[in-house]
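Engineer: Below is one structure. I have some questions about it.
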Amino acid sequence: MLVKCETKSNRVKGLSFHPKLSWILASLHNGTIQLWDYRIGSLIDKFDEHEGPVRGVDFHPSQPLFVSGGDDYKIKVWNYKQRRCIFTLLGHLDYIRTVQFHPEYPWILSASDDQTVRIWNWQSRSCIAVLTGHNHYVMCAQFHRKDDLVVSASLDQTVRVWDISGLREKTVSISGSGSGPSHSQHADVFGTSDAVVKYVLEGHDRGVNWASFHPSLPLIVSGADDRLIKLWRMNETKAWEVDTLRGH
């Protein structure tokens with residue numbers, strides 16, 4: 001079954017499936033976020049608070065929330081049952097490309113043209129880590145489903161894998177509910193113990209637009225402006241290129 005969800009804005013920048021319901025979020029270049037029922041092709045709701053294009057959007061895996069990130073440098077967390085934005089996270093200094101909820105912890109991951117990846121605790125509403133090292137726009141960032149890892153792709157032609165186990169140990173040891181002492185959550189934001197680069201994957205000849213972990217195997221896939229898709233394998237000590245897919 002194919003259903004066409006048509007909208008007057010012809011530029012859709014971000015999409016997210018609901019984990020259980022037949023819903024999809026579409027974030028648009030005109031600043032609107034639309035909520036569709038894709039079974040019947042019906043527009044359920046729309047959310048207008050961003051100023052400018054909204055490039056990233058993601059449903060929470062279990063709560064009635066979604067997160068969005070836009071060209072206004074703002075990350076917004078929305079409650080779709082209350083039909084409103086419940087708070088805004090400020091800190092990025094340029095366009096936000098992608099946003100993602102962690103599958104387990106109360107974290108949001110964001111990638112930005114300010115060359116950083118940031119991790120936020122959405123319960124304490126604070127930035128808990130800034131991942132620096134890319135030297136061009138960061139086009140996307142994703143959490144690993146099971147391991148304490150983040151992958152990011154940048155126009156600096158690299159893919160980076162970050163170890164965030166130190167951040168998890170610190171955050172989880174504070175409080176399971178995320179409501180522990182605020183000084184601990186803000187400590188060492190720029191420190192090296194919380195989130196450190198584990199691998200830098202070099203092989204693309206142009207900017208890398210996307211990178212993603214395989215859901216169960218130790219593999220990463222990346223796609224770049226060199227029109228190549230590359231497959232990378234990793235173990236505990238190193239990561240290496242295993243295949244290049246040509247044809248685009």
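In the structure tokens, each chain is lettered A, B, ... as it comes, each chain's residues begin at 1, and ligands are numbered from 1 in order of appearance.
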Tell me, as a PyMOL selection string, which residues lie within 10 Å of stretch 98-109 of chain A, counting only C-alpha atoms; anything in the same chain fewer than 5 positions away does not count.
Structural biologist: chain A and resi 13-14+16+54-62+65-70+75-77+117-129+138-146+150+168+171-172+176-178
Engineer: Suppose we keep N, CA and C atoms; can you now write the selection as a CSV table (one decimal), in the first residue's frame?
Structural biologist:
chain,number,residue,atom,x,y,z
A,13,LYS,N,12.7,18.3,5.0
A,13,LYS,CA,14.1,18.2,5.5
A,13,LYS,C,14.4,17.1,6.4
A,14,GLY,N,13.3,16.7,7.2
A,14,GLY,CA,13.5,15.6,8.2
A,14,GLY,C,12.3,14.7,8.3
A,16,SER,N,10.6,11.2,10.6
A,16,SER,CA,10.7,10.2,11.7
A,16,SER,C,9.4,9.4,11.9
A,54,VAL,N,13.6,23.5,9.4
A,54,VAL,CA,13.8,22.5,10.5
A,54,VAL,C,14.3,21.2,9.8
A,55,ARG,N,15.6,20.9,10.1
A,55,ARG,CA,16.3,19.9,9.4
A,55,ARG,C,16.3,18.5,10.1
A,56,GLY,N,16.1,18.5,11.4
A,56,GLY,CA,16.1,17.2,12.1
A,56,GLY,C,14.9,17.1,13.0
A,57,VAL,N,14.3,15.9,13.1
A,57,VAL,CA,13.2,15.6,13.9
A,57,VAL,C,13.2,14.1,14.3
A,58,ASP,N,12.8,13.8,15.6
A,58,ASP,CA,12.9,12.4,16.1
A,58,ASP,C,11.8,12.2,17.1
A,59,PHE,N,11.1,11.1,17.0
A,59,PHE,CA,10.1,10.7,18.1
A,59,PHE,C,10.9,10.0,19.2
A,60,HIS,N,10.4,10.2,20.5
A,60,HIS,CA,10.9,9.5,21.6
A,60,HIS,C,10.5,8.1,21.5
A,61,PRO,N,11.3,7.1,21.9
A,61,PRO,CA,10.9,5.7,21.7
A,61,PRO,C,9.7,5.2,22.6
A,62,SER,N,9.4,5.9,23.7
A,62,SER,CA,8.4,5.4,24.5
A,62,SER,C,7.4,6.5,25.1
A,65,LEU,N,6.7,12.3,23.2
A,65,LEU,CA,7.6,13.5,22.9
A,65,LEU,C,8.2,13.3,21.5
A,66,PHE,N,8.6,14.5,21.0
A,66,PHE,CA,9.5,14.4,19.8
A,66,PHE,C,10.4,15.6,20.0
A,67,VAL,N,11.6,15.6,19.3
A,67,VAL,CA,12.6,16.6,19.4
A,67,VAL,C,12.8,17.1,18.0
A,68,SER,N,13.1,18.4,17.8
A,68,SER,CA,13.4,19.0,16.5
A,68,SER,C,14.6,20.0,16.7
A,69,GLY,N,15.3,20.1,15.5
A,69,GLY,CA,16.4,21.0,15.5
A,69,GLY,C,16.4,21.8,14.2
A,70,GLY,N,16.7,23.1,14.3
A,70,GLY,CA,16.5,23.9,13.1
A,70,GLY,C,17.6,24.9,12.8
A,75,ILE,N,17.1,23.7,19.6
A,75,ILE,CA,16.5,22.4,19.8
A,75,ILE,C,15.3,22.5,20.6
A,76,LYS,N,14.2,22.0,20.1
A,76,LYS,CA,12.9,22.1,20.8
A,76,LYS,C,12.4,20.7,21.1
A,77,VAL,N,11.9,20.5,22.3
A,77,VAL,CA,11.3,19.2,22.8
A,77,VAL,C,9.8,19.5,22.9
A,117,VAL,N,29.3,18.2,17.9
A,117,VAL,CA,28.2,17.3,18.3
A,117,VAL,C,27.9,17.5,19.8
A,118,ARG,N,26.7,17.6,20.2
A,118,ARG,CA,26.3,17.9,21.6
A,118,ARG,C,25.4,16.8,22.1
A,119,ILE,N,25.6,16.5,23.4
A,119,ILE,CA,24.7,15.6,24.1
A,119,ILE,C,24.0,16.4,25.2
A,120,TRP,N,22.7,16.2,25.3
A,120,TRP,CA,21.9,17.0,26.2
A,120,TRP,C,21.1,16.0,27.1
A,121,ASN,N,21.0,16.4,28.4
A,121,ASN,CA,20.0,15.6,29.2
A,121,ASN,C,18.7,16.4,29.2
A,122,TRP,N,17.7,15.8,28.6
A,122,TRP,CA,16.4,16.5,28.4
A,122,TRP,C,15.6,16.5,29.7
A,123,GLN,N,16.0,15.7,30.7
A,123,GLN,CA,15.3,15.8,32.0
A,123,GLN,C,15.8,17.0,32.8
A,124,SER,N,17.1,17.2,32.8
A,124,SER,CA,17.7,18.3,33.5
A,124,SER,C,17.8,19.6,32.6
A,125,ARG,N,17.5,19.4,31.3
A,125,ARG,CA,17.4,20.4,30.3
A,125,ARG,C,18.8,21.2,30.2
A,126,SER,N,19.9,20.4,30.2
A,126,SER,CA,21.2,20.9,30.1
A,126,SER,C,22.1,20.2,29.1
A,127,CYS,N,23.1,20.9,28.6
A,127,CYS,CA,24.1,20.2,27.8
A,127,CYS,C,25.1,19.5,28.7
A,128,ILE,N,25.3,18.2,28.4
A,128,ILE,CA,26.2,17.4,29.3
A,128,ILE,C,27.5,17.1,28.6
A,129,ALA,N,27.6,17.3,27.3
A,129,ALA,CA,28.9,17.0,26.6
A,129,ALA,C,28.9,17.8,25.3
A,138,VAL,N,29.0,19.4,10.7
A,138,VAL,CA,28.7,18.0,11.1
A,138,VAL,C,27.3,17.8,10.6
A,139,MET,N,27.2,16.9,9.6
A,139,MET,CA,25.9,16.7,8.9
A,139,MET,C,25.0,15.7,9.6
A,140,CYS,N,25.5,14.8,10.4
A,140,CYS,CA,24.6,13.9,11.1
A,140,CYS,C,25.4,13.3,12.3
A,141,ALA,N,24.7,12.9,13.3
A,141,ALA,CA,25.2,12.1,14.4
A,141,ALA,C,24.2,11.1,14.9
A,142,GLN,N,24.6,9.9,15.3
A,142,GLN,CA,23.7,8.9,15.8
A,142,GLN,C,24.3,8.2,16.9
A,143,PHE,N,23.4,7.8,17.9
A,143,PHE,CA,23.7,6.9,19.0
A,143,PHE,C,23.8,5.5,18.4
A,144,HIS,N,24.6,4.6,19.0
A,144,HIS,CA,24.5,3.2,18.8
A,144,HIS,C,23.4,2.6,19.7
A,145,ARG,N,22.7,1.6,19.1
A,145,ARG,CA,21.5,1.1,19.8
A,145,ARG,C,21.9,0.5,21.2
A,146,LYS,N,23.0,-0.2,21.3
A,146,LYS,CA,23.4,-0.9,22.5
A,146,LYS,C,24.6,-0.4,23.2
A,150,VAL,N,28.9,6.9,19.7
A,150,VAL,CA,28.2,7.8,18.8
A,150,VAL,C,29.0,7.9,17.5
A,168,ARG,N,28.2,8.1,30.3
A,168,ARG,CA,27.1,7.2,30.9
A,168,ARG,C,27.4,6.9,32.3
A,171,THR,N,26.6,10.0,34.4
A,171,THR,CA,25.2,10.4,34.4
A,171,THR,C,24.4,9.4,35.2
A,172,VAL,N,24.6,8.1,34.9
A,172,VAL,CA,23.8,7.1,35.5
A,172,VAL,C,24.1,7.0,37.0
A,176,GLY,N,19.2,7.6,38.6
A,176,GLY,CA,18.5,6.9,37.5
A,176,GLY,C,17.4,7.8,36.9
A,177,SER,N,16.9,8.8,37.6
A,177,SER,CA,15.9,9.6,37.1
A,177,SER,C,16.4,10.9,36.5
A,178,GLY,N,17.7,11.1,36.6
A,178,GLY,CA,18.3,12.3,36.0
A,178,GLY,C,18.1,13.5,36.8
Engineer: Residues near A:Asp72, anyone? I mean within 9 Å using only C-alpha atoms, not counting same-chain ones fewer than 3 positions away, as a list in words.
Structural biologist: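 After dropping sequence-adjacent residues, the list is His50, Glu51, Gly52, Pro53, Val54, Gly69, Ile75, Asp94, Tyr95 and Ile96 of chain A.
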Engineer: Take the residues just selected and output them with N, CA, C and O atoms as a PDB file, in the first residue's frame.
Structural biologist:
ATOM      1  N   HIS A  50       9.532  27.084  15.195  1.00  0.00           N
ATOM      2  CA  HIS A  50      10.881  27.353  14.690  1.00  0.00           C
ATOM      3  C   HIS A  50      10.853  28.529  13.720  1.00  0.00           C
ATOM      4  O   HIS A  50       9.880  28.732  12.995  1.00  0.00           O
ATOM      5  N   GLU A  51      11.948  29.271  13.709  1.00  0.00           N
ATOM      6  CA  GLU A  51      12.139  30.352  12.745  1.00  0.00           C
ATOM      7  C   GLU A  51      13.121  29.857  11.695  1.00  0.00           C
ATOM      8  O   GLU A  51      14.315  29.766  11.952  1.00  0.00           O
ATOM      9  N   GLY A  52      12.621  29.510  10.529  1.00  0.00           N
ATOM     10  CA  GLY A  52      13.471  28.990   9.473  1.00  0.00           C
ATOM     11  C   GLY A  52      13.379  27.481   9.375  1.00  0.00           C
ATOM     12  O   GLY A  52      12.646  26.824  10.125  1.00  0.00           O
ATOM     13  N   PRO A  53      14.133  26.894   8.426  1.00  0.00           N
ATOM     14  CA  PRO A  53      14.048  25.456   8.153  1.00  0.00           C
ATOM     15  C   PRO A  53      14.307  24.583   9.380  1.00  0.00           C
ATOM     16  O   PRO A  53      15.130  24.912  10.229  1.00  0.00           O
ATOM     17  N   VAL A  54      13.572  23.459   9.443  1.00  0.00           N
ATOM     18  CA  VAL A  54      13.769  22.459  10.499  1.00  0.00           C
ATOM     19  C   VAL A  54      14.332  21.219   9.824  1.00  0.00           C
ATOM     20  O   VAL A  54      13.648  20.548   9.053  1.00  0.00           O
ATOM     21  N   GLY A  69      15.285  20.125  15.546  1.00  0.00           N
ATOM     22  CA  GLY A  69      16.426  21.043  15.497  1.00  0.00           C
ATOM     23  C   GLY A  69      16.409  21.822  14.201  1.00  0.00           C
ATOM     24  O   GLY A  69      16.130  21.251  13.135  1.00  0.00           O
ATOM     25  N   ILE A  75      17.068  23.706  19.634  1.00  0.00           N
ATOM     26  CA  ILE A  75      16.521  22.360  19.775  1.00  0.00           C
ATOM     27  C   ILE A  75      15.260  22.488  20.612  1.00  0.00           C
ATOM     28  O   ILE A  75      15.284  23.060  21.705  1.00  0.00           O
ATOM     29  N   ASP A  94      25.177  27.479  15.218  1.00  0.00           N
ATOM     30  CA  ASP A  94      24.893  27.464  13.780  1.00  0.00           C
ATOM     31  C   ASP A  94      23.767  26.460  13.534  1.00  0.00           C
ATOM     32  O   ASP A  94      23.249  25.853  14.483  1.00  0.00           O
ATOM     33  N   TYR A  95      23.414  26.266  12.263  1.00  0.00           N
ATOM     34  CA  TYR A  95      22.311  25.373  11.904  1.00  0.00           C
ATOM     35  C   TYR A  95      22.470  24.003  12.556  1.00  0.00           C
ATOM     36  O   TYR A  95      23.586  23.466  12.637  1.00  0.00           O
ATOM     37  N   ILE A  96      21.351  23.418  12.954  1.00  0.00           N
ATOM     38  CA  ILE A  96      21.335  22.067  13.514  1.00  0.00           C
ATOM     39  C   ILE A  96      20.855  21.110  12.437  1.00  0.00           C
ATOM     40  O   ILE A  96      19.798  21.317  11.835  1.00  0.00           O
TER      41      ILE A  96
END
Engineer: Hey, which of A:Asp225, A:Glu202, A:Asp114, A:Asp156 ends up closest to A:Trp240? Count only C-alpha atoms.
Structural biologist: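 Using only C-alpha atoms, A:Trp240 sits closest to A:Glu202.
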Engineer: Taking into account only C-alpha atoms, which residue in the set A:Ala195, A:Val221, A:Leu131, A:Ile86 is nearest to A:Leu149?
Structural biologist: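 Of A:Ala195, A:Val221, A:Leu131, A:Ile86, the one nearest A:Leu149 is A:Ala195, counting only C-alpha atoms.
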Engineer: Name the residues in contact with A:Arg160 at a cut-off of 8 Å, using only C-alpha atoms, excluding same-chain residues fewer than 4 positions from it; report them as a PyMOL selection string.
Structural biologist: chain A and resi 151-153+197-201
Engineer: If you run DSSP on the backbone here, which positions in stretch 3-99 of chain A get strand (DSSP E)? Please write them as a PyMOL selection string.
Structural biologist: chain A and resi 12-17+23-28+32-37+42-48+54-59+65-70+75-79+84-89+96-99
Engineer: Excluding same-chain residues fewer than 6 positions from A:Pro218, what lies within 8 Å of it counting only C-alpha atoms, as a PDB file with N, CA, C and O atoms, in the first residue's frame?
Structural biologist:
ATOM      1  N   ARG A 233      34.274  -1.613   9.144  1.00  0.00           N
ATOM      2  CA  ARG A 233      34.149  -2.568  10.249  1.00  0.00           C
ATOM      3  C   ARG A 233      34.977  -2.064  11.425  1.00  0.00           C
ATOM      4  O   ARG A 233      36.002  -1.419  11.233  1.00  0.00           O
ATOM      5  N   MET A 234      34.527  -2.365  12.636  1.00  0.00           N
ATOM      6  CA  MET A 234      35.275  -1.929  13.815  1.00  0.00           C
ATOM      7  C   MET A 234      35.340  -3.053  14.843  1.00  0.00           C
ATOM      8  O   MET A 234      34.476  -3.927  14.896  1.00  0.00           O
ATOM      9  N   ASN A 235      36.423  -3.006  15.624  1.00  0.00           N
ATOM     10  CA  ASN A 235      36.517  -3.875  16.799  1.00  0.00           C
ATOM     11  C   ASN A 235      36.904  -2.996  17.984  1.00  0.00           C
ATOM     12  O   ASN A 235      36.774  -1.780  17.927  1.00  0.00           O
TER      13      ASN A 235
END
Engineer: Extract, using only C-alpha atoms, all DNA, RNA and protein residues at most 10 Å from stretch 222-224 of chain A, discarding same-chain residues fewer than 3 positions from it, and format them as number ranges by chain.
Structural biologist: A: 152-155, 157-159, 201, 204-213, 227-232, 244-245
Engineer: Take the residues that were just selected and, keeping N, CA and C atoms, output them as a tab-separated table (two decimals), in the first residue's frame.
Structural biologist:
chain	number	residue	atom	x	y	z
A	152	SER	N	29.52	10.16	13.86
A	152	SER	CA	29.22	11.45	13.24
A	152	SER	C	29.87	11.54	11.87
A	153	ALA	N	29.23	12.29	10.97
A	153	ALA	CA	29.73	12.48	9.61
A	153	ALA	C	29.85	13.97	9.35
A	154	SER	N	30.92	14.37	8.65
A	154	SER	CA	31.18	15.80	8.47
A	154	SER	C	31.66	16.12	7.06
A	155	LEU	N	31.48	17.37	6.68
A	155	LEU	CA	32.02	17.84	5.41
A	155	LEU	C	33.54	17.95	5.43
A	157	GLN	N	35.26	15.49	5.47
A	157	GLN	CA	35.56	14.25	4.75
A	157	GLN	C	35.80	13.06	5.68
A	158	THR	N	35.52	13.22	6.98
A	158	THR	CA	35.74	12.12	7.92
A	158	THR	C	34.45	11.67	8.57
A	159	VAL	N	34.50	10.43	9.03
A	159	VAL	CA	33.50	9.87	9.95
A	159	VAL	C	34.22	9.64	11.27
A	201	LEU	N	37.56	7.79	10.69
A	201	LEU	CA	37.51	7.00	9.46
A	201	LEU	C	37.74	7.91	8.27
A	204	HIS	N	36.82	8.88	2.27
A	204	HIS	CA	36.03	9.68	1.32
A	204	HIS	C	36.85	10.87	0.83
A	205	ASP	N	36.64	11.24	-0.43
A	205	ASP	CA	37.37	12.36	-1.03
A	205	ASP	C	36.57	13.66	-1.03
A	206	ARG	N	35.33	13.59	-0.57
A	206	ARG	CA	34.50	14.78	-0.45
A	206	ARG	C	33.78	14.72	0.90
A	207	GLY	N	33.01	15.75	1.17
A	207	GLY	CA	32.29	15.80	2.44
A	207	GLY	C	31.36	14.62	2.63
A	208	VAL	N	31.27	14.15	3.87
A	208	VAL	CA	30.42	13.00	4.21
A	208	VAL	C	29.09	13.52	4.73
A	209	ASN	N	28.00	13.07	4.11
A	209	ASN	CA	26.67	13.57	4.45
A	209	ASN	C	25.96	12.71	5.49
A	210	TRP	N	26.31	11.43	5.55
A	210	TRP	CA	25.56	10.55	6.45
A	210	TRP	C	26.45	9.38	6.90
A	211	ALA	N	26.23	8.96	8.14
A	211	ALA	CA	26.88	7.75	8.66
A	211	ALA	C	25.92	7.11	9.65
A	212	SER	N	25.93	5.79	9.67
A	212	SER	CA	24.99	5.08	10.53
A	212	SER	C	25.58	3.76	10.99
A	213	PHE	N	25.28	3.37	12.23
A	213	PHE	CA	25.68	2.06	12.74
A	213	PHE	C	24.73	0.98	12.20
A	227	ARG	N	30.09	10.55	-4.15
A	227	ARG	CA	29.12	9.63	-4.77
A	227	ARG	C	29.38	8.17	-4.40
A	228	LEU	N	30.08	7.98	-3.30
A	228	LEU	CA	30.39	6.62	-2.85
A	228	LEU	C	29.69	6.31	-1.53
A	229	ILE	N	29.32	5.04	-1.40
A	229	ILE	CA	28.87	4.50	-0.12
A	229	ILE	C	29.98	3.59	0.37
A	230	LYS	N	30.44	3.82	1.58
A	230	LYS	CA	31.52	3.00	2.13
A	230	LYS	C	31.03	2.23	3.35
A	231	LEU	N	31.54	1.02	3.47
A	231	LEU	CA	31.24	0.16	4.60
A	231	LEU	C	32.52	-0.01	5.42
A	232	TRP	N	32.38	0.17	6.72
A	232	TRP	CA	33.51	0.12	7.64
A	232	TRP	C	33.23	-0.91	8.73
A	244	THR	N	33.51	-0.58	-0.84
A	244	THR	CA	33.03	0.67	-1.44
A	244	THR	C	31.98	0.32	-2.47
A	245	LEU	N	30.82	0.95	-2.39
A	245	LEU	CA	29.72	0.71	-3.32
A	245	LEU	C	29.67	1.90	-4.29
Engineer: Would you compute the distance between atom CA of A:Ser27 and atom CA of A:Thr88? Give it in Å to one decimal.
Structural biologist: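 Computed distance, atom CA of A:Ser27 to atom CA of A:Thr88, equals 16.6 Å.
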Engineer: Atom CA of A:Val161 and atom CA of A:Asp148 are how many Å apart?
Structural biologist: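 Separation between atom CA of A:Val161 and atom CA of A:Asp148: 10.3 Å.
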Engineer: Among the residues of stretch 24-173 of chain A, find those DSSP assigns to helix (DSSP H, G or I) from the backbone and print them as number ranges by chain.
Structural biologist: A: 165-173
